[in-house]
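Below is upload37.txt, which holds compact mmCIF, C-alpha atoms.
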```
# COMPACT_ATOMS: atom_id res chain seq x y z
CA MET A 1 -73.06 1.32 -200.24
CA LYS A 2 -71.27 3.40 -197.77
CA SER A 3 -73.14 4.70 -194.82
CA ASP A 4 -72.66 8.10 -193.32
CA SER A 5 -70.30 8.08 -190.37
CA THR A 6 -72.58 10.40 -188.41
CA THR A 7 -75.42 7.89 -188.62
CA SER A 8 -73.40 4.71 -188.32
CA ALA A 9 -71.38 5.74 -185.26
CA PRO A 10 -74.13 5.57 -182.65
CA ARG A 11 -75.20 2.03 -183.63
CA PRO A 12 -72.29 0.08 -182.09
CA GLN A 13 -72.33 2.39 -179.10
CA GLY A 14 -76.04 1.72 -178.61
CA ALA A 15 -75.46 -2.03 -178.77
CA SER A 16 -72.62 -1.67 -176.31
CA LEU A 17 -74.81 0.27 -173.92
CA ARG A 18 -77.37 -2.51 -174.03
CA ILE A 19 -74.68 -5.04 -173.22
CA ARG A 20 -73.42 -2.85 -170.39
CA GLU A 21 -76.88 -2.61 -168.96
CA ARG A 22 -77.35 -6.36 -169.06
CA VAL A 23 -73.92 -6.94 -167.55
CA HIS A 24 -74.74 -4.48 -164.77
CA ASN A 25 -78.07 -6.15 -164.05
CA LEU A 26 -76.33 -9.49 -163.94
CA LEU A 27 -73.68 -8.23 -161.51
CA VAL A 28 -76.28 -6.64 -159.25
CA ASP A 29 -78.39 -9.80 -159.19
CA GLU A 30 -75.60 -12.31 -158.95
CA PHE A 31 -73.16 -10.57 -156.64
CA GLU A 32 -75.39 -8.11 -154.81
CA LEU A 33 -73.31 -5.16 -156.01
CA THR A 34 -74.73 -1.69 -156.15
CA GLU A 35 -75.18 0.03 -159.48
CA SER A 36 -73.19 3.07 -158.37
CA ASP A 37 -70.09 0.93 -157.84
CA LEU A 38 -70.15 -0.38 -161.38
CA LEU A 39 -67.70 1.99 -163.02
CA ALA A 40 -66.02 0.90 -166.23
CA GLU A 41 -62.55 1.14 -164.71
CA ALA A 42 -63.52 -0.72 -161.53
CA ASN A 43 -61.44 -3.82 -160.91
CA LEU A 44 -63.68 -6.84 -160.42
CA TYR A 45 -61.50 -8.26 -157.67
CA THR A 46 -59.95 -5.36 -155.81
CA ASP A 47 -62.72 -2.78 -156.22
CA LEU A 48 -65.84 -4.91 -156.42
CA GLY A 49 -64.65 -7.63 -154.06
CA LEU A 50 -65.18 -10.66 -156.28
CA ASP A 51 -63.05 -13.74 -155.73
CA SER A 52 -61.99 -16.74 -157.79
CA LEU A 53 -65.20 -18.59 -157.01
CA ASP A 54 -67.18 -15.57 -158.14
CA SER A 55 -65.36 -15.65 -161.46
CA VAL A 56 -66.66 -19.20 -161.95
CA ASP A 57 -70.20 -18.01 -161.16
CA LEU A 58 -69.70 -15.04 -163.44
CA VAL A 59 -68.82 -17.18 -166.44
CA VAL A 60 -71.88 -19.39 -165.91
CA ALA A 61 -74.11 -16.37 -165.40
CA LEU A 62 -72.78 -14.75 -168.61
CA LYS A 63 -73.45 -17.94 -170.53
CA GLU A 64 -77.00 -18.00 -169.23
CA GLU A 65 -77.62 -14.31 -169.85
CA PHE A 66 -76.10 -13.98 -173.30
CA GLY A 67 -76.37 -17.53 -174.57
CA PHE A 68 -72.82 -17.87 -175.85
CA ALA A 69 -70.66 -20.87 -175.20
CA VAL A 70 -67.47 -20.63 -173.20
CA ASP A 71 -64.86 -23.26 -173.87
CA ARG A 72 -62.71 -23.37 -170.78
CA SER A 73 -59.61 -24.58 -172.59
CA LYS A 74 -60.04 -22.09 -175.42
CA ASP A 75 -61.23 -19.11 -173.44
CA GLU A 76 -59.27 -19.56 -170.23
CA GLU A 77 -56.64 -16.99 -171.12
CA ARG A 78 -59.26 -14.47 -172.18
CA ILE A 79 -61.23 -14.98 -168.99
CA ARG A 80 -58.05 -14.60 -166.98
CA ALA A 81 -57.37 -11.31 -168.75
CA VAL A 82 -60.71 -9.87 -167.64
CA LEU A 83 -59.84 -7.65 -164.69
CA THR A 84 -62.00 -4.56 -165.02
CA LEU A 85 -65.60 -3.99 -166.00
CA GLU A 86 -64.36 -2.53 -169.28
CA ASP A 87 -62.55 -5.81 -169.95
CA LEU A 88 -65.76 -7.64 -169.17
CA TYR A 89 -67.76 -5.57 -171.65
CA GLY A 90 -65.08 -6.29 -174.23
CA PHE A 91 -65.15 -10.01 -173.51
CA VAL A 92 -68.93 -10.14 -173.88
CA ASN A 93 -68.78 -8.05 -177.05
CA GLU A 94 -66.20 -10.38 -178.56
CA LYS A 95 -68.15 -13.49 -177.64
CA MET A 96 -71.36 -11.99 -179.01
CA SER A 97 -69.71 -11.08 -182.28
CA GLU A 98 -68.11 -14.53 -182.56
CA GLU A 99 -71.41 -16.35 -182.22
CA PRO A 100 -74.52 -14.23 -182.34
CA ALA A 101 -76.84 -16.13 -180.07
CA PRO A 102 -80.46 -15.76 -179.03
CA SER A 103 -80.44 -13.32 -176.17
CA GLY A 104 -82.83 -13.02 -173.29
CA MET B 105 -61.68 -28.38 -116.78
CA ALA B 106 -63.80 -25.38 -116.69
CA GLY B 107 -67.23 -25.76 -118.08
CA ALA B 108 -68.22 -24.20 -121.32
CA LEU B 109 -69.81 -20.82 -120.94
CA ILE B 110 -70.94 -20.17 -124.41
CA SER B 111 -72.43 -17.04 -125.78
CA HIS B 112 -74.84 -17.77 -128.59
CA ASP B 113 -74.20 -14.45 -130.24
CA ALA B 114 -72.26 -15.16 -133.42
CA ARG B 115 -70.80 -11.68 -133.32
CA THR B 116 -68.60 -12.60 -130.36
CA VAL B 117 -66.23 -14.54 -132.59
CA GLY B 118 -62.69 -13.29 -132.25
CA ARG B 119 -63.25 -11.78 -128.85
CA THR B 120 -61.90 -13.28 -125.67
CA MET B 121 -63.00 -16.88 -125.38
CA ASP B 122 -64.62 -18.21 -122.26
CA TRP B 123 -62.16 -21.02 -121.92
CA GLY B 124 -58.97 -21.69 -123.75
CA CYS B 125 -55.99 -23.96 -123.75
CA SER B 126 -52.42 -22.81 -123.70
CA TRP B 127 -50.46 -23.38 -126.86
CA CYS B 128 -48.56 -26.29 -125.34
CA VAL B 129 -51.78 -28.06 -124.41
CA ASN B 130 -53.01 -27.46 -127.93
CA ALA B 131 -49.79 -28.85 -129.34
CA VAL B 132 -50.17 -31.99 -127.24
CA CYS B 133 -53.78 -32.33 -128.35
CA LEU B 134 -52.88 -31.85 -131.99
CA ALA B 135 -50.15 -34.46 -131.71
CA TYR B 136 -52.70 -36.75 -130.12
CA ALA B 137 -55.13 -36.02 -132.95
CA LEU B 138 -52.44 -36.73 -135.51
CA LEU B 139 -51.62 -40.03 -133.86
CA LEU B 140 -55.25 -41.07 -133.89
CA SER B 141 -55.55 -39.98 -137.51
CA ILE B 142 -52.68 -42.24 -138.42
CA ILE B 143 -54.30 -45.10 -136.52
CA PHE B 144 -57.63 -44.44 -138.24
CA GLU B 145 -56.07 -44.29 -141.68
CA THR B 146 -54.04 -47.44 -141.07
CA CYS B 147 -57.09 -49.38 -139.91
CA PHE B 148 -59.29 -48.07 -142.67
CA ALA B 149 -56.66 -48.80 -145.26
CA LEU B 150 -56.89 -52.49 -144.41
CA PHE B 151 -60.58 -52.37 -145.20
CA SER B 152 -60.41 -50.11 -148.19
CA ALA B 153 -57.35 -51.65 -149.81
CA VAL B 154 -59.46 -54.43 -151.26
CA PHE B 155 -61.62 -51.90 -153.06
CA LEU B 156 -58.96 -49.34 -153.85
CA LEU B 157 -56.18 -51.60 -155.02
CA LEU B 158 -58.37 -54.03 -156.90
CA ASP B 159 -60.61 -51.18 -158.10
CA MET B 160 -63.82 -53.12 -157.71
CA GLY B 161 -65.85 -50.33 -159.24
CA ARG B 162 -67.04 -48.83 -155.99
CA ALA B 163 -63.80 -47.32 -154.84
CA ASP B 164 -65.29 -43.84 -154.92
CA GLU B 165 -68.08 -44.89 -152.59
CA VAL B 166 -65.54 -46.39 -150.22
CA CYS B 167 -63.66 -43.11 -150.24
CA ARG B 168 -66.81 -41.13 -149.47
CA LEU B 169 -67.61 -43.57 -146.70
CA HIS B 170 -64.09 -43.12 -145.39
CA ASN B 171 -64.36 -39.35 -145.47
CA GLY B 172 -67.67 -39.39 -143.62
CA TYR B 173 -66.44 -41.70 -140.90
CA TYR B 174 -63.20 -39.81 -140.63
CA GLY B 175 -65.24 -36.66 -140.00
CA ALA B 176 -67.24 -38.37 -137.26
CA PHE B 177 -63.98 -39.74 -135.87
CA MET B 178 -62.42 -36.29 -135.82
CA VAL B 179 -65.38 -34.90 -133.90
CA ARG B 180 -65.12 -37.70 -131.37
CA MET B 181 -61.41 -37.17 -131.14
CA PHE B 182 -61.83 -33.86 -129.38
CA TRP B 183 -63.42 -35.37 -126.32
CA PRO B 184 -60.65 -34.39 -123.88
CA PHE B 185 -61.70 -30.80 -124.27
CA VAL B 186 -65.14 -31.11 -122.83
CA ARG B 187 -67.48 -33.25 -120.87
CA LEU B 188 -68.52 -36.26 -122.85
CA ARG B 189 -72.10 -36.98 -123.80
CA ARG B 190 -72.24 -39.81 -126.24
CA ARG B 191 -75.93 -40.38 -126.64
CA GLY B 192 -77.70 -39.96 -129.90
CA LEU B 193 -75.24 -40.72 -132.68
CA GLU B 194 -76.52 -44.22 -133.26
CA HIS B 195 -80.11 -43.09 -132.98
CA LEU B 196 -79.44 -40.43 -135.55
CA ARG B 197 -78.04 -42.91 -138.05
CA ARG B 198 -80.98 -45.24 -137.58
CA ARG B 199 -83.44 -42.39 -137.76
CA VAL B 200 -82.13 -41.03 -141.01
CA ALA B 201 -81.95 -44.49 -142.47
CA GLY B 202 -85.50 -45.02 -141.28
CA GLY B 203 -86.78 -42.08 -143.26
CA PRO B 204 -89.05 -39.21 -142.39
CA SER B 205 -91.26 -41.16 -140.02
CA ALA B 206 -88.46 -42.08 -137.67
CA ARG B 207 -88.34 -40.41 -134.28
CA PRO B 208 -85.98 -37.45 -133.81
CA ALA B 209 -83.22 -37.73 -131.27
CA PRO B 210 -80.60 -35.29 -130.03
CA VAL B 211 -77.01 -35.92 -130.94
CA SER B 212 -73.95 -35.50 -128.81
CA GLY B 213 -70.51 -35.03 -130.18
CA LEU B 214 -67.37 -34.90 -128.16
CA THR B 215 -65.66 -31.66 -128.52
CA ALA B 216 -68.91 -30.18 -128.46
CA ARG B 217 -72.36 -31.08 -127.68
CA SER B 218 -73.97 -31.03 -131.04
CA SER B 219 -77.64 -31.16 -131.59
CA GLY B 220 -79.51 -31.86 -134.75
CA GLY B 221 -82.92 -30.59 -135.68
CA GLY B 222 -85.12 -31.25 -138.63
CA LEU B 223 -83.17 -34.21 -139.92
CA ASP B 224 -86.44 -35.93 -140.63
CA PHE B 225 -86.41 -34.03 -143.84
CA VAL B 226 -83.27 -35.67 -145.10
CA ARG B 227 -84.29 -38.80 -146.87
CA ALA B 228 -81.63 -41.42 -147.04
CA ASN B 229 -83.06 -42.94 -150.18
CA ARG B 230 -82.94 -39.84 -152.36
CA PRO B 231 -79.91 -37.73 -153.25
CA VAL B 232 -80.05 -34.18 -152.00
CA MET B 233 -77.93 -31.06 -152.24
CA MET B 234 -77.09 -29.96 -148.70
CA VAL B 235 -76.09 -26.32 -148.55
CA THR B 236 -74.51 -25.00 -145.40
CA ASN B 237 -72.79 -21.98 -143.93
CA HIS B 238 -69.07 -22.04 -143.13
CA ARG B 239 -67.67 -20.93 -139.79
CA SER B 240 -64.77 -23.17 -138.99
CA LEU B 241 -62.17 -25.43 -140.48
CA PHE B 242 -63.91 -28.21 -138.58
CA ASP B 243 -67.36 -27.72 -140.12
CA ILE B 244 -66.85 -30.49 -142.60
CA PHE B 245 -66.16 -33.04 -139.88
CA PHE B 246 -69.55 -32.52 -138.29
CA PHE B 247 -71.18 -33.78 -141.44
CA GLY B 248 -69.76 -37.17 -140.54
CA LEU B 249 -72.54 -37.19 -137.95
CA VAL B 250 -75.26 -36.72 -140.53
CA SER B 251 -75.38 -40.43 -141.24
CA LEU B 252 -75.59 -40.10 -144.96
CA PRO B 253 -72.50 -42.19 -145.73
CA ASN B 254 -72.52 -41.43 -149.43
CA VAL B 255 -71.88 -37.70 -149.53
CA ALA B 256 -69.65 -35.94 -152.03
CA VAL B 257 -68.61 -32.35 -151.58
CA LEU B 258 -68.28 -29.37 -153.90
CA VAL B 259 -64.92 -27.90 -152.93
CA ARG B 260 -62.53 -25.16 -153.94
CA SER B 261 -59.15 -26.06 -155.39
CA TRP B 262 -56.84 -25.70 -152.41
CA PRO B 263 -58.03 -28.70 -150.33
CA PHE B 264 -57.21 -30.97 -153.26
CA ARG B 265 -53.57 -30.03 -152.78
CA ILE B 266 -53.46 -31.39 -149.22
CA PRO B 267 -51.50 -34.65 -149.20
CA VAL B 268 -53.58 -37.79 -148.53
CA VAL B 269 -56.74 -35.74 -147.94
CA GLY B 270 -56.70 -34.48 -151.52
CA TRP B 271 -56.25 -38.01 -152.80
CA PHE B 272 -59.27 -39.24 -150.87
CA MET B 273 -61.27 -36.28 -152.13
CA ARG B 274 -60.40 -36.95 -155.74
CA ARG B 275 -61.10 -40.66 -155.41
CA GLY B 276 -64.34 -39.86 -153.62
CA GLY B 277 -65.62 -37.92 -156.62
CA TYR B 278 -65.50 -34.52 -154.95
CA ILE B 279 -65.74 -31.71 -157.47
CA ASP B 280 -63.18 -28.93 -157.71
CA VAL B 281 -65.57 -26.11 -158.51
CA GLU B 282 -62.80 -23.74 -159.50
CA ARG B 283 -61.35 -26.01 -162.16
CA VAL B 284 -64.22 -28.13 -163.41
CA GLY B 285 -66.50 -26.36 -165.84
CA PHE B 286 -70.20 -26.09 -165.15
CA ASN B 287 -71.24 -28.61 -167.79
CA ALA B 288 -68.70 -31.13 -166.58
CA ALA B 289 -69.87 -30.56 -163.00
CA VAL B 290 -73.48 -31.19 -164.02
CA TYR B 291 -72.45 -34.41 -165.70
CA ARG B 292 -70.54 -35.61 -162.64
CA VAL B 293 -73.28 -34.61 -160.19
CA GLU B 294 -75.87 -36.43 -162.26
CA GLU B 295 -73.67 -39.49 -162.58
CA LEU B 296 -72.99 -39.80 -158.85
CA SER B 297 -76.54 -38.87 -157.89
CA ARG B 298 -77.83 -41.74 -160.01
CA ARG B 299 -75.69 -43.96 -157.83
CA GLY B 300 -77.23 -42.52 -154.69
CA ALA B 301 -74.66 -39.90 -153.69
CA SER B 302 -75.84 -36.77 -151.95
CA TRP B 303 -73.95 -33.49 -152.13
CA LEU B 304 -72.67 -30.94 -149.70
CA CYS B 305 -71.61 -27.40 -150.48
CA PHE B 306 -70.42 -24.54 -148.29
CA VAL B 307 -72.26 -21.89 -150.21
CA GLU B 308 -70.42 -18.94 -148.70
CA GLY B 309 -67.27 -20.18 -150.40
CA HIS B 310 -65.00 -19.61 -147.43
CA ARG B 311 -65.16 -19.27 -143.67
CA SER B 312 -66.81 -16.28 -142.14
CA ARG B 313 -64.25 -14.20 -140.28
CA ASP B 314 -66.76 -12.27 -138.21
CA GLY B 315 -69.33 -14.97 -137.59
CA LEU B 316 -71.85 -13.24 -139.82
CA LEU B 317 -73.37 -14.89 -142.82
CA GLN B 318 -71.63 -13.97 -146.07
CA ARG B 319 -73.05 -13.66 -149.53
CA PHE B 320 -73.96 -17.04 -151.00
CA HIS B 321 -72.49 -18.29 -154.25
CA SER B 322 -74.85 -19.61 -156.88
CA GLY B 323 -72.99 -22.69 -158.11
CA ALA B 324 -74.62 -25.24 -155.80
CA PHE B 325 -78.07 -23.87 -156.57
CA ARG B 326 -77.44 -23.93 -160.31
CA LEU B 327 -76.32 -27.54 -160.02
CA ALA B 328 -79.38 -28.41 -157.94
CA VAL B 329 -81.61 -26.84 -160.59
CA ALA B 330 -79.77 -28.49 -163.48
CA CYS B 331 -79.75 -31.92 -161.84
CA ASP B 332 -83.17 -31.59 -160.21
CA LEU B 333 -81.84 -32.22 -156.72
CA PRO B 334 -83.83 -31.10 -153.67
CA VAL B 335 -81.93 -28.54 -151.64
CA VAL B 336 -81.56 -29.10 -147.89
CA PRO B 337 -80.31 -26.04 -146.00
CA VAL B 338 -78.18 -26.94 -142.98
CA CYS B 339 -77.31 -24.14 -140.60
CA LEU B 340 -74.23 -24.69 -138.45
CA THR B 341 -73.73 -22.65 -135.30
CA GLY B 342 -71.10 -22.98 -132.63
CA THR B 343 -68.24 -24.37 -134.68
CA GLU B 344 -66.69 -20.92 -134.93
CA ARG B 345 -65.91 -21.08 -131.22
CA LEU B 346 -64.28 -24.48 -131.49
CA CYS B 347 -61.34 -23.04 -133.38
CA ALA B 348 -61.99 -19.49 -134.46
CA PRO B 349 -60.58 -18.38 -137.82
CA GLY B 350 -57.16 -16.82 -137.32
CA THR B 351 -56.46 -18.64 -134.07
CA HIS B 352 -55.15 -22.05 -133.10
CA GLN B 353 -56.92 -22.18 -129.80
CA PHE B 354 -59.47 -24.86 -129.12
CA ASN B 355 -62.48 -24.03 -127.02
CA PRO B 356 -65.40 -26.11 -125.90
CA THR B 357 -68.59 -25.20 -127.53
CA LYS B 358 -72.09 -26.31 -128.27
CA VAL B 359 -72.56 -27.05 -131.94
CA THR B 360 -75.98 -27.06 -133.51
CA MET B 361 -76.71 -28.46 -136.92
CA LYS B 362 -80.13 -27.24 -137.93
CA PHE B 363 -81.63 -29.07 -140.87
CA PHE B 364 -84.41 -27.30 -142.69
CA PRO B 365 -87.06 -28.96 -144.84
CA GLU B 366 -85.88 -29.85 -148.31
CA ILE B 367 -86.75 -27.41 -151.05
CA ASP B 368 -87.74 -28.51 -154.53
CA PRO B 369 -86.09 -26.24 -157.12
CA ALA B 370 -89.04 -26.81 -159.45
CA SER B 371 -91.24 -24.87 -157.04
CA PHE B 372 -89.55 -21.64 -158.20
CA PRO B 373 -90.31 -19.76 -161.43
CA VAL B 374 -88.16 -20.77 -164.38
CA HIS B 375 -86.72 -17.30 -164.93
CA LYS B 376 -83.58 -16.98 -162.79
CA ARG B 377 -84.65 -20.02 -160.85
CA ALA B 378 -81.27 -20.69 -159.27
CA LEU B 379 -80.94 -17.10 -158.09
CA LYS B 380 -84.40 -17.12 -156.58
CA LEU B 381 -83.67 -20.40 -154.88
CA ARG B 382 -80.42 -18.96 -153.55
CA ARG B 383 -82.17 -15.88 -152.19
CA HIS B 384 -84.84 -18.02 -150.59
CA VAL B 385 -82.30 -20.23 -148.84
CA GLU B 386 -80.24 -17.22 -147.79
CA GLY B 387 -83.39 -15.77 -146.26
CA ILE B 388 -83.95 -18.97 -144.29
CA PHE B 389 -80.42 -18.79 -142.88
CA ARG B 390 -80.71 -15.11 -142.02
CA GLU B 391 -84.02 -15.58 -140.31
CA TYR B 392 -82.68 -18.49 -138.27
CA LEU B 393 -79.53 -16.60 -137.31
CA GLY B 394 -81.40 -13.37 -136.71
CA GLU B 395 -79.38 -11.47 -139.27
CA ARG B 396 -80.56 -8.82 -141.66
CA GLY B 397 -80.25 -9.39 -145.36
CA ARG B 398 -78.03 -7.41 -147.66
CA GLY B 399 -79.18 -5.11 -150.40
CA GLY B 400 -80.06 -6.11 -153.91
CA GLY B 401 -82.82 -8.31 -155.15
CA ILE B 402 -84.14 -10.13 -158.11
CA GLY B 403 -87.15 -9.02 -159.94
CA GLU B 404 -89.82 -11.61 -159.37
```
Show the structure stored in the file as structure tokens.
Amino acid sequence: MKSDSTTSAPRPQGASLRIRERVHNLLVDEFELTESDLLAEANLYTDLGLDSLDSVDLVVALKEEFGFAVDRSKDEERIRAVLTLEDLYGFVNEKMSEEPAPSG
Amino acid sequence: MAGALISHDARTVGRTMDWGCSWCVNAVCLAYALLLSIIFETCFALFSAVFLLLDMGRADEVCRLHNGYYGAFMVRMFWPFVRLRRRGLEHLRRRVAGGPSARPAPVSGLTARSSGGGLDFVRANRPVMMVTNHRSLFDIFFFGLVSLPNVAVLVRSWPFRIPVVGWFMRRGGYIDVERVGFNAAVYRVEELSRRGASWLCFVEGHRSRDGLLQRFHSGAFRLAVACDLPVVPVCLTGTERLCAPGTHQFNPTKVTMKFFPEIDPASFPVHKRALKLRRHVEGIFREYLGERGRGGGIGE
């Protein structure tokens, strides 16, 4: 069965929006950022002011929020590559698709 | 020496100090401090060598003991800078060891007159997670006066790269929070806590440059929740004037270590418990320091 592209297209986008919303809520709660600063192209470190210690907190907070596991040795390069919010959405999307976990 | 005329307004950090030493006096004092450090390390090595070289199974505790006493030693070492009031340190140790019923006593350090408050709440017989603000490079040394000899610290990566110091930190079971994963950190905190070690974390992550409280990081609170450790907020004031960030000038100052009652993480709702605990502790600090909170909040 092949689904119509006009009906199938919004589904992944909708899921992505949900992830974005949860990521935004997490960033606001965890790092006291304001929603208006959370632009997709914003750099986590230079624009949003996070530091290396925040990145540690971020990984733990993502694990708690989305329920996926992060293997430091396996995922270190991927975490290092996350610079912008867009990268972060992508990272969460990838992890969610790798291991669909119970979400909060 | 001129007396210390200290403003208690934290916002004065970085402005003209009330009293300062010329760079040459500071150089002499630092050389003096280095000499005493070498003497301390040499003497302590004689004691610790038995444990460290033979690895009698408690080497990490010896290292934590060393680090604590070295901190107290460093604080004492600054005595030429100010008038000396030595009373209280021994009382403090006995009082903490005596538990909550023991009588409070003021503490006097050397560089600075330091006063403790609320230490009754620190129980020597139960591991706690002490969370504190960070104003000076010397903050850590003042915890040598806390009289909990078995304290490990949650630290960033860079101090581990300091020769000798880094070695003692590693051997003392200090956790590099930037390199050790959360699960591994939980395991190590639980392991050392079972052996009676308490924990210390500078929850702002790095020193405040303007004397104002910075945003707290969540790691220490998450660990406290995961390991069921009571949290003891400790608010340091005055150390920023001792050697202000960005300067190498020593100034006499009055240091206050304010200990707040311990907080049981289980008293917070399960949902986002660590964040709520963090916000609560941050509120305690801000209220004590008379600072306004930042924006943002967690839905209760």
> Between A:Glu94, A:Ile19, A:Val60, A:Leu85, which one has atoms that come closest to A:Asp37, using all atoms listed in the file?
Replying inline: A:Leu85
> How many Å lie between atom CA of A:Phe66 and atom CA of A:Leu26, rounded to one decimal?
Replying inline: 10.4 Å
Pull the closest atom pair for each residue of chain A that gets at most 7 Å from chain B, along with the distance in Å to one decimal, counting only C-alpha atoms, ordering rows by chain and then ascending residue number, as CSV.
```
residue,atom,partner,partner_atom,distance
A:Val28,CA,B:Gly400,CA,6.6
A:Asp29,CA,B:Ile402,CA,5.9
A:Glu32,CA,B:Gly400,CA,5.2
A:Leu53,CA,B:Glu282,CA,6.2
A:Val56,CA,B:Glu282,CA,6.4
A:Asp57,CA,B:Gly323,CA,6.2
A:Val60,CA,B:Phe286,CA,6.9
A:Arg72,CA,B:Gly285,CA,6.9
```
> Expressed in Å to a single decimal, how great is the separation between atom CA of B:Pro231 and atom CA of B:Tyr392?
Replying inline: 24.5 Å
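Distance annotation: of B:Gly270, B:Pro365, B:Gly315, B:Gly394, the residue with the minimal separation from B:His238 is B:Gly315; atom set is all atoms listed in the file.
Computed from the coordinates, the atom CA of B:Gly342 to atom CA of B:Lys358 distance equals 5.6 Å.
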>> Can you tell me which residues surround A:Ala81 at a distance of at most 12 Å, considering only C-alpha atoms, apart from same-chain residues fewer than 3 positions away, and format the answer as an MDAnalysis selection string?
In response: chainID A and resid 43:44 55 75:78 84:88 90:91
>> Need the shell around B:Leu333: protein/DNA/RNA residues with any atom at most 7 Å away, counting only C-alpha atoms. Skip same-chain ones fewer than 3 positions apart. Format as a PyMOL selection string?
In response: chain B and resi 231-233+328-329
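Using all atoms listed in the file, the residues found no farther than 8 Å from B:Pro369, other than those of its own chain fewer than 2 positions away, are Ala328, Val329, Asp332, Leu333, Pro334, Val335, Ile367, Ser371, Phe372, Arg377, Ala378 and Leu381 of chain B.
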